[in-house]
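*Asks:* Structure file query.tsv, TSV, C-alpha atoms and all ligand atoms, is pasted below:
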```tsv
chain	number	residue	atom	x	y	z
A	1309	MET	CA	169.40	98.95	106.34
A	1310	ASP	CA	170.36	101.18	109.29
A	1311	THR	CA	167.06	102.65	110.44
A	1312	SER	CA	165.82	103.43	113.90
A	1313	LEU	CA	162.09	103.45	113.13
A	1314	SER	CA	160.14	100.71	111.39
A	1315	ILE	CA	157.43	101.71	108.94
A	1316	PRO	CA	154.63	100.73	111.36
A	1317	GLU	CA	156.37	102.85	114.03
A	1318	ILE	CA	156.53	105.79	111.62
A	1319	TYR	CA	152.82	105.37	111.01
A	1320	THR	CA	152.03	105.33	114.72
A	1321	ALA	CA	154.19	108.38	115.43
A	1322	LEU	CA	152.68	110.39	112.58
A	1323	PHE	CA	149.12	109.35	113.38
A	1324	ASP	CA	149.60	110.27	117.05
A	1325	ALA	CA	150.99	113.65	115.99
A	1326	TYR	CA	148.55	114.60	113.23
A	1327	GLY	CA	145.47	112.37	113.64
A	1328	PRO	CA	143.28	111.15	110.76
A	1329	GLN	CA	143.75	113.07	107.51
A	1330	HIS	CA	140.40	112.23	105.82
A	1331	TRP	CA	141.92	111.76	102.38
A	1332	TRP	CA	141.15	112.21	99.52
A	1333	PRO	CA	139.03	115.39	99.79
A	1334	ALA	CA	136.52	114.95	96.94
A	1335	ASP	CA	132.81	114.49	96.29
A	1336	SER	CA	133.18	111.54	93.91
A	1337	PRO	CA	135.71	108.96	92.64
A	1338	PHE	CA	135.83	110.82	89.31
A	1339	GLU	CA	136.79	114.00	91.13
A	1340	VAL	CA	139.65	112.09	92.81
A	1341	MET	CA	140.86	110.94	89.40
A	1342	VAL	CA	140.73	114.46	88.03
A	1343	GLY	CA	142.56	115.77	91.10
A	1344	ALA	CA	145.27	113.11	90.68
A	1345	ILE	CA	146.06	114.48	87.22
A	1346	LEU	CA	145.70	118.14	88.11
A	1347	THR	CA	148.07	117.84	91.07
A	1348	GLN	CA	150.96	116.61	88.92
A	1349	ASN	CA	153.85	119.06	89.46
A	1350	THR	CA	151.49	121.46	91.25
A	1351	SER	CA	150.48	122.22	94.81
A	1352	TRP	CA	147.04	121.17	95.96
A	1353	ARG	CA	146.13	124.79	96.61
A	1354	GLN	CA	146.43	125.52	92.90
A	1355	VAL	CA	144.40	122.44	92.08
A	1356	GLU	CA	141.51	123.52	94.30
A	1357	GLY	CA	140.78	126.53	92.10
A	1358	ALA	CA	140.64	124.34	89.02
A	1359	ILE	CA	138.29	121.86	90.72
A	1360	ILE	CA	135.98	124.70	91.73
A	1361	GLN	CA	135.89	125.94	88.13
A	1362	LEU	CA	135.12	122.47	86.80
A	1363	LYS	CA	132.27	122.11	89.28
A	1364	LEU	CA	130.92	125.57	88.53
A	1365	HIS	CA	130.75	124.55	84.88
A	1366	HIS	CA	129.12	121.19	85.75
A	1367	CYS	CA	132.09	119.41	84.23
A	1368	MET	CA	132.75	116.76	86.84
A	1369	ASP	CA	131.82	113.60	84.96
A	1370	ALA	CA	133.63	111.79	82.18
A	1371	GLU	CA	130.99	112.28	79.44
A	1372	THR	CA	130.67	116.02	80.00
A	1373	MET	CA	134.40	116.56	80.34
A	1374	LEU	CA	135.16	114.64	77.15
A	1375	ALA	CA	132.52	116.68	75.29
A	1376	THR	CA	134.00	119.94	76.56
A	1377	PRO	CA	136.16	121.71	73.96
A	1378	PRO	CA	139.85	121.68	74.96
A	1379	GLU	CA	139.99	125.50	74.93
A	1380	ALA	CA	137.26	125.72	77.59
A	1381	LEU	CA	138.78	122.95	79.67
A	1382	ARG	CA	142.17	124.64	79.58
A	1383	GLN	CA	140.65	127.88	80.74
A	1384	TRP	CA	138.91	126.27	83.71
A	1385	ILE	CA	141.97	124.34	84.88
A	1386	ARG	CA	144.44	127.14	84.23
A	1387	SER	CA	145.22	127.67	87.93
A	1388	ALA	CA	146.64	124.13	88.17
A	1389	GLY	CA	149.45	124.93	85.72
A	1390	PHE	CA	150.55	122.94	82.63
A	1391	PHE	CA	146.95	123.39	81.55
A	1392	ARG	CA	147.40	122.36	77.88
A	1393	GLN	CA	149.11	119.13	78.86
A	1394	LYS	CA	146.66	118.45	81.68
A	1395	SER	CA	143.57	119.08	79.54
A	1396	ASN	CA	144.86	116.47	77.07
A	1397	ARG	CA	145.50	114.08	79.93
A	1398	LEU	CA	142.04	114.64	81.37
A	1399	HIS	CA	140.46	113.92	78.00
A	1400	GLY	CA	142.59	110.77	77.73
A	1401	LEU	CA	141.46	109.67	81.17
A	1402	CYS	CA	137.79	110.31	80.26
A	1403	ARG	CA	138.13	108.25	77.08
A	1404	PHE	CA	139.66	105.42	79.09
A	1405	ILE	CA	136.90	105.51	81.70
A	1406	LEU	CA	134.16	105.50	79.10
A	1407	GLN	CA	135.79	102.73	77.04
A	1408	CYS	CA	135.88	100.61	80.21
A	1409	GLY	CA	132.20	101.24	80.92
A	1410	GLY	CA	132.45	103.93	83.60
A	1411	VAL	CA	134.00	104.41	87.00
A	1412	GLU	CA	132.01	101.63	88.68
A	1413	ALA	CA	133.07	99.14	86.00
A	1414	LEU	CA	136.68	100.11	86.67
A	1415	ARG	CA	136.19	99.52	90.35
A	1416	ASP	CA	135.00	95.96	89.62
A	1417	LEU	CA	138.24	95.06	87.84
A	1418	PRO	CA	140.99	93.35	89.83
A	1419	LEU	CA	144.01	95.45	90.68
A	1420	GLU	CA	146.37	93.29	88.61
A	1421	THR	CA	144.26	93.89	85.50
A	1422	LEU	CA	143.45	97.51	86.10
A	1423	ARG	CA	146.87	98.94	86.96
A	1424	PRO	CA	148.61	98.00	83.68
A	1425	GLN	CA	145.63	99.35	81.73
A	1426	LEU	CA	145.68	102.63	83.62
A	1427	LEU	CA	149.39	102.98	82.95
A	1428	THR	CA	148.72	102.92	79.21
A	1429	VAL	CA	146.74	106.16	79.45
A	1430	HIS	CA	148.82	109.08	78.22
A	1431	GLY	CA	150.30	111.07	81.10
A	1432	ILE	CA	149.44	108.56	83.82
A	1433	GLY	CA	152.58	107.22	85.49
A	1434	PRO	CA	152.89	104.97	88.55
A	1435	GLU	CA	152.26	107.70	91.14
A	1436	THR	CA	149.13	109.03	89.44
A	1437	ALA	CA	147.88	105.52	88.65
A	1438	ASP	CA	148.32	104.37	92.24
A	1439	SER	CA	146.67	107.52	93.63
A	1440	ILE	CA	143.67	106.78	91.42
A	1441	LEU	CA	143.67	103.09	92.33
A	1442	LEU	CA	143.93	103.71	96.07
A	1443	TYR	CA	141.78	106.78	96.60
A	1444	ALA	CA	139.26	106.62	93.74
A	1445	LEU	CA	138.87	102.89	93.20
A	1446	ASP	CA	139.62	101.52	96.67
A	1447	LYS	CA	142.41	99.17	95.58
A	1448	PRO	CA	145.01	98.40	98.28
A	1449	ILE	CA	148.20	99.69	96.67
A	1450	PHE	CA	150.65	102.09	98.28
A	1451	VAL	CA	151.41	105.43	96.63
A	1452	ILE	CA	155.04	106.54	96.47
A	1453	ASP	CA	155.87	110.17	95.87
A	1454	ALA	CA	158.85	112.48	96.32
A	1455	TYR	CA	157.77	113.22	99.92
A	1456	THR	CA	157.85	109.52	100.79
A	1457	ARG	CA	161.34	109.04	99.37
A	1458	ARG	CA	162.63	112.21	101.07
A	1459	ILE	CA	161.35	111.30	104.54
A	1460	LEU	CA	162.33	107.64	104.38
A	1461	GLN	CA	165.82	108.46	103.11
A	1462	ARG	CA	166.31	110.99	105.90
A	1463	LEU	CA	165.25	108.32	108.38
A	1464	GLY	CA	167.97	106.06	107.01
A	1465	TYR	CA	166.10	103.90	104.52
A	1466	ILE	CA	167.90	102.83	101.38
A	1467	VAL	CA	166.31	100.73	98.66
A	1468	SER	CA	168.22	99.16	95.82
A	1469	PRO	CA	167.50	99.65	93.04
A	1470	CYS	CA	166.08	103.06	93.97
A	1471	THR	CA	162.96	102.64	91.85
A	1472	TYR	CA	159.29	103.41	92.35
A	1473	GLY	CA	158.55	99.68	92.56
A	1474	ALA	CA	161.24	99.03	95.16
A	1475	TRP	CA	159.99	101.82	97.43
A	1476	GLN	CA	156.46	100.55	97.02
A	1477	GLN	CA	157.52	97.02	97.85
A	1478	LEU	CA	159.09	98.28	101.07
A	1479	PHE	CA	155.65	99.46	102.26
A	1480	HIS	CA	153.82	96.42	100.94
A	1481	VAL	CA	156.09	94.14	102.93
A	1482	ALA	CA	156.11	96.27	106.10
A	1483	LEU	CA	152.38	96.96	106.38
A	1484	PRO	CA	149.34	94.69	106.34
A	1485	GLN	CA	147.45	94.93	103.04
A	1486	ASP	CA	144.83	97.24	104.47
A	1487	LEU	CA	143.10	99.81	102.28
A	1488	LEU	CA	142.41	102.34	105.02
A	1489	LEU	CA	145.91	101.99	106.45
A	1490	PHE	CA	147.47	102.64	103.04
A	1491	LYS	CA	145.25	105.69	102.53
A	1492	GLU	CA	146.07	107.10	105.95
A	1493	MET	CA	149.79	106.37	105.79
A	1494	HIS	CA	150.30	108.18	102.49
A	1495	ALA	CA	148.23	111.15	103.68
A	1496	LEU	CA	150.24	111.33	106.93
A	1497	ILE	CA	153.50	111.29	104.99
A	1498	VAL	CA	152.34	114.21	102.87
A	1499	GLU	CA	151.27	116.12	105.97
A	1500	HIS	CA	154.62	115.46	107.63
A	1501	ALA	CA	156.55	116.58	104.55
A	1502	LYS	CA	154.62	119.84	104.48
A	1503	ARG	CA	154.82	120.59	108.20
A	1504	TYR	CA	158.36	119.58	109.15
A	1505	CYS	CA	160.24	117.49	106.63
A	1506	LEU	CA	160.43	120.25	104.05
A	1507	LYS	CA	163.21	120.56	101.49
A	1508	THR	CA	165.04	122.31	104.31
A	1509	PRO	CA	163.85	120.21	107.24
A	1510	GLN	CA	162.42	121.90	110.32
A	1511	CYS	CA	163.53	119.25	112.82
A	1512	HIS	CA	163.08	121.13	116.06
A	1513	HIS	CA	159.50	120.08	116.83
A	1514	CYS	CA	159.33	117.11	114.46
A	1515	PRO	CA	157.54	114.10	116.00
A	1516	LEU	CA	160.17	111.78	114.47
A	1517	ALA	CA	163.19	113.80	115.56
A	1518	ALA	CA	164.18	111.58	118.48
A	1519	ALA	CA	164.68	108.63	116.14
A	1520	CYS	CA	165.93	110.48	113.06
A	1521	PRO	CA	169.66	110.74	112.31
A	1522	VAL	CA	169.37	114.06	110.46
A	1523	PRO	CA	169.18	116.54	113.40
A	1524	THR	CA	172.39	115.23	114.97
A	1525	ASN	CA	174.15	115.12	111.61
A	1526	ARG	CA	173.68	118.82	110.91
B	1	LIG	S1	163.87	115.07	112.22
B	1	LIG	FE1	164.04	116.47	110.49
B	1	LIG	S2	164.80	115.23	108.77
B	1	LIG	FE2	164.09	113.82	110.36
B	1	LIG	S3	161.97	113.34	109.77
B	1	LIG	FE3	161.89	115.07	111.18
B	1	LIG	S4	161.92	116.92	109.91
B	1	LIG	FE4	162.57	115.17	108.64
```
As C-alpha cells, what does this structure read like?

*Replies:*
Amino acid sequence: MDTSLSIPEIYTALFDAYGPQHWWPADSPFEVMVGAILTQNTSWRQVEGAIIQLKLHHCMDAETMLATPPEALRQWIRSAGFFRQKSNRLHGLCRFILQCGGVEALRDLPLETLRPQLLTVHGIGPETADSILLYALDKPIFVIDAYTRRILQRLGYIVSPCTYGAWQQLFHVALPQDLLLFKEMHALIVEHAKRYCLKTPQCHHCPLAAACPVPTNR
C-alpha cells in the first residue's frame, strides 16, 4: 500500500484542523437510531427538519412511533426523502427495539450478538447498523461510508477485496479499540469530506494536502 499518511496521522491532522466534532447530535440514543435511518441517501440538513417534526409530535420513542399510523409518520419525515421507505424502516426498527426489551436492553448485549441481529432488520445495512452501534449503543465499531472510502482512496489506500468489511478492518487494525476515538474519527472524516474532499476536491487549503498525492496528480 503506497500511502504517505497512516490512519493515526490522518486522525491527528484532522483533529488539529477541525477540533472535536461532538457527534452524534441528538437528545437520546433512540433519536440517534432514527437519525441513522433518516440520513440514508439524504443530507443531514434534510434530516433535521424531520427530527424536529417527530419531536413536535412527541414521536421520539419506539412505542409511540410504532403506534403512529404510517401516513402520519410519512408526513412528518417527508423532508428526509424516501419517506415511504423510511417510515417502514423506522417501524421495523421500533419493532426490533421493543422485541429486544428496549434501547437499554440492546445496549447490554455484546457487540458480536447485537450486530448480526440488527442487520436482520429490514433496511438496516452495515453502515446504518454500525452508526447505531457506535453512536447510540456505545459499541466500539468503526463506521465506513462513501466519504471514508473517497478520502482514503485519494490518499493512496487500496483494500482488497474492496468491501465494507475490509475497509472497516483497516481502521480496526490501525487504531486502538477506543469508543471515543472511533466516534471522533468518523465525525472528522465526514467534516473533511464536506469541507475539502468533496466530489471535486478543493485541495488548496486542505490540511492533508502536503501528504496527499492528488494535488500533484492534477
Ligand atoms: S488534498 Fe485534495 S484529494 Fe487530498 S485529501 Fe485533501 S481535499 Fe482530498

*Asks:* Go through A:Lys1447, A:His1366, A:His1430, A:Arg1403 and flag the residue nearest Lys1491 of chain A, using only C-alpha atoms for the distances.

*Replies:* A:Lys1447

*Asks:* Mind listing the residues within 8 Å of ligand LIG 1 (chain B), all atoms listed in the file counted, as a ChimeraX atom specification?

*Replies:* /A:1459-1460,1462-1463,1500-1501,1504-1506,1509-1523

*Asks:* Measuring atom to atom with all atoms listed in the file, identify which of A:Ala1495, A:Phe1490, A:Lys1363, A:Val1411 is nearest to Ala1444 of chain A.

*Replies:* A:Val1411

*Asks:* Measuring between all atoms listed in the file, which one of A:Leu1441, A:Thr1376, A:Pro1316, A:Gln1361 shows the shortest distance to Leu1414 of chain A?

*Replies:*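 Closest residue, counting all atoms listed in the file: A:Leu1441.
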
*Asks:* Pick the closest to Leu1401 of chain A from A:Ile1345, A:Gly1357, A:Leu1417, A:Thr1456: which is it, counting all atoms listed in the file?

*Replies:* A:Ile1345

*Asks:* Counting all atoms listed in the file, figure out which residue out of A:Thr1347, A:Arg1397, A:Gly1410, A:Ala1437 gets nearest to Arg1423 of chain A.

*Replies:*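 Looking at the shortest contact to Arg1423 of chain A, the residue is A:Ala1437.
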
*Asks:* Suppose you want the space between atom CA of Tyr1455 of chain A and atom CA of Gly1400 of chain A; what is it in Å?

*Replies:*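 These atoms are spaced 27.0 Å apart.
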
*Asks:* Report as JSON lines: every residue of segment 1356-1448 of chain A with an atom at most 12 Å from segment 1466-1475 of chain A, its closest pair of atoms, and their distance in Å to one decimal, counting all atoms listed in the file, with rows sorted by chain and ascending residue number.

*Replies:*
```
{"residue": "A:Gly1433", "atom": "CA", "partner": "A:Tyr1472", "partner_atom": "CA", "distance": 10.3}
{"residue": "A:Pro1434", "atom": "CA", "partner": "A:Tyr1472", "partner_atom": "CA", "distance": 7.6}
{"residue": "A:Glu1435", "atom": "CA", "partner": "A:Tyr1472", "partner_atom": "CA", "distance": 8.3}
{"residue": "A:Thr1436", "atom": "CA", "partner": "A:Tyr1472", "partner_atom": "CA", "distance": 12.0}
{"residue": "A:Asp1438", "atom": "CA", "partner": "A:Tyr1472", "partner_atom": "CA", "distance": 11.0}
```

*Asks:* When you count only C-alpha atoms, which of these residues is closest to Trp1332 of chain A: A:Ser1439, A:Ser1395, A:Thr1428, A:Ser1387?

*Replies:*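 Smallest separation from Trp1332 of chain A among the options: A:Ser1439.
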
*Asks:* In Å, with one decimal, what is the gap from atom CA of Phe1390 of chain A to atom CA of Leu1426 of chain A?

*Replies:*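 Value for the atom CA of Phe1390 of chain A-atom CA of Leu1426 of chain A distance: 20.9 Å.
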
*Asks:* In Å to one decimal, how far is atom CA of Ala1358 of chain A from atom CA of Arg1386 of chain A?

*Replies:*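 Atom CA of Ala1358 of chain A lies at a distance of 6.7 Å from atom CA of Arg1386 of chain A.
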
*Asks:* Where's the centre, and what are the edge lengths in Å to one decimal, of a box along x, y and z enclosing all listed atoms of segment 1453-1467 of chain A padded 3 Å per side, as lines of an AutoDock Vina configuration file?

*Replies:*
```
center_x = 161.9
center_y = 107.0
center_z = 102.1
size_x = 18.1
size_y = 18.5
size_z = 18.5
```

*Asks:* Please report as CSV every residue of segment 1314-1410 of chain A lying within 10 Å of segment 1478-1488 of chain A, along with the nearest atom pair and their distance in Å (one decimal), using all atoms listed in the file.

*Replies:*
```
residue,atom,partner,partner_atom,distance
A:Ser1314,CA,A:Ala1482,CA,8.0
A:Ile1315,CA,A:Ala1482,CA,6.3
A:Pro1316,CA,A:Leu1483,CA,6.6
A:Tyr1319,CA,A:Leu1483,CA,9.6
A:Trp1331,CA,A:Leu1488,CA,9.8
```

*Asks:* Just want the 10 Å neighbourhood of Asn1396 of chain A, counted on all atoms listed in the file, with same-chain residues fewer than 6 positions away dropped. Output as a PDB file with C-alpha atoms, in the frame of the given file.

*Replies:*
```pdb
ATOM      1  CA  LEU A1374     135.160 114.640  77.150  1.00  0.00           C
ATOM      2  CA  PRO A1378     139.850 121.680  74.960  1.00  0.00           C
ATOM      3  CA  LEU A1381     138.780 122.950  79.670  1.00  0.00           C
ATOM      4  CA  ARG A1382     142.170 124.640  79.580  1.00  0.00           C
ATOM      5  CA  CYS A1402     137.790 110.310  80.260  1.00  0.00           C
ATOM      6  CA  HIS A1430     148.820 109.080  78.220  1.00  0.00           C
ATOM      7  CA  GLY A1431     150.300 111.070  81.100  1.00  0.00           C
TER       8      GLY A1431
END
```

*Asks:* Would you list the contacts of Val1342 of chain A as a VMD selection string, taking every protein, DNA or RNA residue within 9 Å and counting all atoms listed in the file, but skipping same-chain residues closer than 6 positions in sequence?

*Replies:* chain A and resid 1359 1368 1398 1401 1440

*Asks:* Any chance you could model N, CA, C and O atoms for segment 1490-1501 of chain A and send them as a compact mmCIF listing (two decimals), in the frame of the given file?

*Replies:*
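File result33.txt, as written:
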```
# COMPACT_ATOMS: atom_id res chain seq x y z
N PHE A 1490 146.69 102.09 104.15
CA PHE A 1490 147.47 102.64 103.04
C PHE A 1490 147.05 104.09 102.76
O PHE A 1490 147.88 104.96 102.53
N LYS A 1491 145.74 104.32 102.78
CA LYS A 1491 145.25 105.69 102.53
C LYS A 1491 145.79 106.65 103.59
O LYS A 1491 146.25 107.74 103.30
N GLU A 1492 145.68 106.22 104.84
CA GLU A 1492 146.07 107.10 105.95
C GLU A 1492 147.58 107.32 105.96
O GLU A 1492 148.04 108.44 106.19
N MET A 1493 148.34 106.26 105.72
CA MET A 1493 149.79 106.37 105.79
C MET A 1493 150.31 107.37 104.75
O MET A 1493 151.14 108.21 105.05
N HIS A 1494 149.83 107.26 103.53
CA HIS A 1494 150.30 108.18 102.49
C HIS A 1494 149.92 109.63 102.85
O HIS A 1494 150.72 110.56 102.72
N ALA A 1495 148.68 109.80 103.32
CA ALA A 1495 148.23 111.15 103.68
C ALA A 1495 149.08 111.72 104.82
O ALA A 1495 149.44 112.91 104.83
N LEU A 1496 149.42 110.88 105.80
CA LEU A 1496 150.24 111.33 106.93
C LEU A 1496 151.65 111.72 106.46
O LEU A 1496 152.23 112.70 106.96
N ILE A 1497 152.18 110.97 105.52
CA ILE A 1497 153.50 111.29 104.99
C ILE A 1497 153.48 112.66 104.31
O ILE A 1497 154.38 113.48 104.50
N VAL A 1498 152.45 112.91 103.54
CA VAL A 1498 152.34 114.21 102.87
C VAL A 1498 152.24 115.33 103.91
O VAL A 1498 152.90 116.37 103.81
N GLU A 1499 151.42 115.11 104.91
CA GLU A 1499 151.27 116.12 105.97
C GLU A 1499 152.61 116.38 106.66
O GLU A 1499 152.99 117.53 106.92
N HIS A 1500 153.33 115.31 106.94
CA HIS A 1500 154.62 115.46 107.63
C HIS A 1500 155.62 116.22 106.75
O HIS A 1500 156.37 117.07 107.26
N ALA A 1501 155.61 115.91 105.47
CA ALA A 1501 156.55 116.58 104.55
C ALA A 1501 156.24 118.07 104.45
O ALA A 1501 157.14 118.89 104.24
```
